[in-house]
Amino acid sequence: MGTQIEKKEKISTRRTYLLLSRSLFSLLEEMPFEKITLIQLCSHSMVPRSTFYRYFEDKYDLLYYCLQTFFEDTNLDQDVLYLKEGKGRKFVTKLITTLHNHKASFQKICQLNKNGIFMDILRNYLIQILDQALNRLKQEGCKLKISQPIFTYLLADLYISMAKCYLESQEEAAEAFVEYVCLFAERDFFAD
């Protein structure tokens with residue numbers, strides 16, 4: 001009997017996370033992040049406010065959860081962080097494919113949030129996520145040649161710039177864009 005209750009709770013929890021995440025991104029298509037209220041999030045997701053607070057402190061915490069989930073799914077290891085061939089290409093492909101599959105939505109989100117605090121929040125959260133990944137890699141013996149704060153800031157900016165570039169470009173083929181990014185990461189700029 002206890003296992004069934006735990007299973008129901010896990011399904012209920014996953015459902016709540018999913019509803020709130022989807023609602024956040026749906027609302028981001030309609031208005032800047034700073035204008036989204038908790039009342040709107042709860043109403044849109046049909047999740048009671050008390051339930052929201054059971055899982056998240058505020059909308060910033062929800063946004064952080066969404067980003068963290070995406071990056072955890074990519075398994076941020078050394079090769080991914082360094083954009084080395086193979087795993088780095090897989091990460092760039094996943095990022096660009098995700099953007100491509102929902103391009104109109106992400107374009108709206110970028111457009112509505114280009115003058116607000118959203119991009120700064122996004123950068124800061126990415127820095128935190130990358131910092132956590134690097135701290136795990138340090139425990140495995142990985143060492144950076146440059147300072148970790150500089151590395152994480154520049155890498156977060158690279159990911160954001162890559163996403164914005166794709167969303168603003170006229171490039172329709174995600175595969176071609178991934179190839180360009182990988183050539184850039186390999187510093188293979190010019191034809192012979």
# chains A, B, ... in the order shown; residues from 1 in each chain; ligands from 1

call {"tool": "residues_around", "arguments": {"residues": "segment 120-125 of chain A", "least_positions_apart": "2", "cutoff": "7 Å", "atoms": "only C-alpha atoms", "output": "PyMOL selection string"}}
result
chain A and resi 64+117-118+127-129+156-157

call {"tool": "residues_around", "arguments": {"residues": "Thr37 of chain A", "least_positions_apart": "2", "cutoff": "12 Å", "atoms": "only C-alpha atoms", "output": "list in words"}}
result
Ser23, Leu24, Leu27, Leu28, Met31, Pro32, Phe33, Glu34, Lys35, Ile39, Gln40, Leu41, Cys42, Ser43, His44, Arg49, Asp58, Lys59 and Tyr60 of chain A

call {"tool": "closest_residue", "arguments": {"among": "A:Phe52, A:Ala133, A:Glu140, A:Val47", "to": "Glu72 of chain A", "atoms": "only C-alpha atoms"}}
result
A:Ala133

call {"tool": "select_by_dssp", "arguments": {"residues": "segment 105-183 of chain A", "states": "alpha helix (DSSP H)", "output": "VMD selection string"}}
result
chain A and resid 105 to 113 118 to 139 148 to 168 174 to 183

call {"tool": "closest_residue", "arguments": {"among": "A:Thr51, A:Lys164, A:Leu62, A:Gln148", "to": "Thr13 of chain A", "atoms": "only C-alpha atoms"}}
result
A:Thr51

call {"tool": "residues_around", "arguments": {"residues": "Gln107 of chain A", "least_positions_apart": "5", "cutoff": "9 Å", "atoms": "only C-alpha atoms", "output": "list in words"}}
result
Glu29, Leu99, His102, Leu112, Lys164, Leu167 and Glu168 of chain A

call {"tool": "write_last_selection", "arguments": {"atoms": "N, CA and C atoms", "output": "short mmCIF file (atom, residue, chain, number, x, y, z; two decimals), in the first residue's frame"}}
result
data_model
loop_
_atom_site.label_atom_id
_atom_site.label_comp_id
_atom_site.auth_asym_id
_atom_site.auth_seq_id
_atom_site.Cartn_x
_atom_site.Cartn_y
_atom_site.Cartn_z
N GLU A 29 5.66 33.70 -23.65
CA GLU A 29 5.35 34.04 -25.04
C GLU A 29 4.41 35.23 -25.13
N LEU A 99 15.44 24.35 -29.83
CA LEU A 99 15.04 25.68 -30.30
C LEU A 99 14.28 25.57 -31.63
N HIS A 102 10.64 24.41 -31.49
CA HIS A 102 9.72 25.38 -30.89
C HIS A 102 10.18 26.80 -31.25
N LEU A 112 10.07 39.41 -26.58
CA LEU A 112 9.40 40.06 -25.45
C LEU A 112 10.34 40.36 -24.29
N LYS A 164 20.40 32.86 -29.31
CA LYS A 164 19.88 34.09 -29.91
C LYS A 164 20.22 34.17 -31.39
N LEU A 167 17.93 31.90 -33.31
CA LEU A 167 16.55 32.40 -33.35
C LEU A 167 16.42 33.65 -34.23
N GLU A 168 17.47 34.43 -34.33
CA GLU A 168 17.42 35.64 -35.13
C GLU A 168 17.87 35.42 -36.58
#

call {"tool": "residues_around", "arguments": {"residues": "segment 181-183 of chain A", "least_positions_apart": "3", "cutoff": "8 Å", "atoms": "only C-alpha atoms", "output": "ChimeraX atom specification"}}
result
/A:83,85,89,92,162,177-178,186-189

call {"tool": "residues_around", "arguments": {"residues": "Ala173 of chain A", "least_positions_apart": "2", "cutoff": "12 Å", "atoms": "only C-alpha atoms", "output": "list of chain:residue names"}}
result
A:Thr93, A:Ile96, A:Thr97, A:Leu99, A:His100, A:Asn101, A:Lys103, A:Tyr166, A:Leu167, A:Ser169, A:Gln170, A:Glu171, A:Glu175, A:Ala176, A:Phe177, A:Val178, A:Glu179, A:Tyr180

call {"tool": "atom_distance", "arguments": {"atom1": "atom CA of Glu57 of chain A", "atom2": "atom CA of Leu20 of chain A"}}
result
12.8 Å
